[in-house]
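Below: one structure, written as structure tokens.
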Amino acid sequence: MILVAVQQFEEESEAGGREYVRTLEELKSFKAAGDPFTDEFFRIFQSVYGQQMMMLEKLQLRKNKLDKKLRCTHAWRKVSNIIFVATFAAVLICSVVAAAMTAPPVAAALAAASTIPLGSMGRWIDSLWKNYENALKGQKEVISTMQAGTYVAIKDLDCIRVLIDLLEIEIEALMRATDFAIEHDQAVKVAVEEIKKKLGVFMKNVEDLGVQADTCSRDIRRARTVVLQRIIKNPN
């Protein structure tokens, strides 16, 4: 609307007009439209921002739990290996001792026990721990990806808020110039010239806000795609 008002001013000036009736009409329309960034807009914006911050916090808590599980799993995997190695060694030692003491029944029993594939069983148990550990690592990878995406979204929202604050300042300045023009009919030319000076910065901020909004949307889509790829890669 403010651009239309400036255009009307140029046309009326070229026509030699002094009343600037149409210019004033457009300026009044601009004033009536008010600030586009309403309380409702900021409420929704803060809600979205708060949700992203809460998501980041929850992801960090989840990651901490996964780290703890990974440490425990790694420790138990080592303990299991040690137990199986120690058990196998104990059986062999006992069989040797029994044979040396010429106790055929005991030696035979221990010899039979030593033929049990403890090594294979140990490897099987170790593979179970390893699979569980890999599943936890996969979950952690997904969480880390989600964290990165959420962090980028928060930074994009921070940039958007800064640009909105700048636009708020420019809109307020344009509103003051508009009020001056409406209240002082004879000063329309002065007021519009002031508006034209501020319009360049205003339009640049509008353009920057649009670019940042597109960037935020693109980053969110990219993060969602990456997370889905990680989930497909690590279904557990």
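The chains in the structure tokens are called A, B, ... from first to last as shown; in each chain the residues are counted from 1, and the ligands are counted from 1 in the order shown.
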(request) For region 140-146 of chain A, work out the shell of residues within 8 Å, counting only C-alpha atoms and skipping chain neighbours fewer than 2 positions away, then give it as JSON, numbers by chain. (result) {"A": [59, 62, 63, 66, 67, 136, 137, 138, 148, 149, 150, 223, 226, 227, 230, 231, 234]}
(request) One decimal, Å: what's the distance from CA of Gln212 (chain A) over to CA of Gln46 (chain A), could you say? (result) 17.1 Å
(message) Between CA of Asn134 (chain A) and CA of Met55 (chain A), what is the distance in Å, rounded to a tenth?
(response)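 Atom-to-atom, CA of Asn134 (chain A) and CA of Met55 (chain A) are spaced 24.5 Å apart.
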(message) So, with only C-alpha atoms as the atoms that count, which of A:Ala173, A:Ala181, A:Glu194, A:Ile164 lies closest to Gly210 (chain A)?
(response)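 Under the stated criterion, the closest residue is A:Ile164.
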(request) Choose the residue, out of A:Tyr132, A:Phe30, A:Phe202, A:Phe45, that has the smallest atom-to-atom separation from Glu168 (chain A); count only C-alpha atoms. (result) A:Phe202
(request) Rounded to one decimal place, report the CA of Val162 (chain A)-CA of Glu26 (chain A) distance in Å. (result)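 Result for CA of Val162 (chain A) versus CA of Glu26 (chain A): 28.6 Å, one decimal.
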(message) Calculated over only C-alpha atoms, which of the candidates A:Lys28, A:Arg77, A:Lys189, A:Arg43 has the smallest distance to Trp129 (chain A)?
(response)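 Looking only at the distances to Trp129 (chain A), the closest residue turns out to be A:Arg77.
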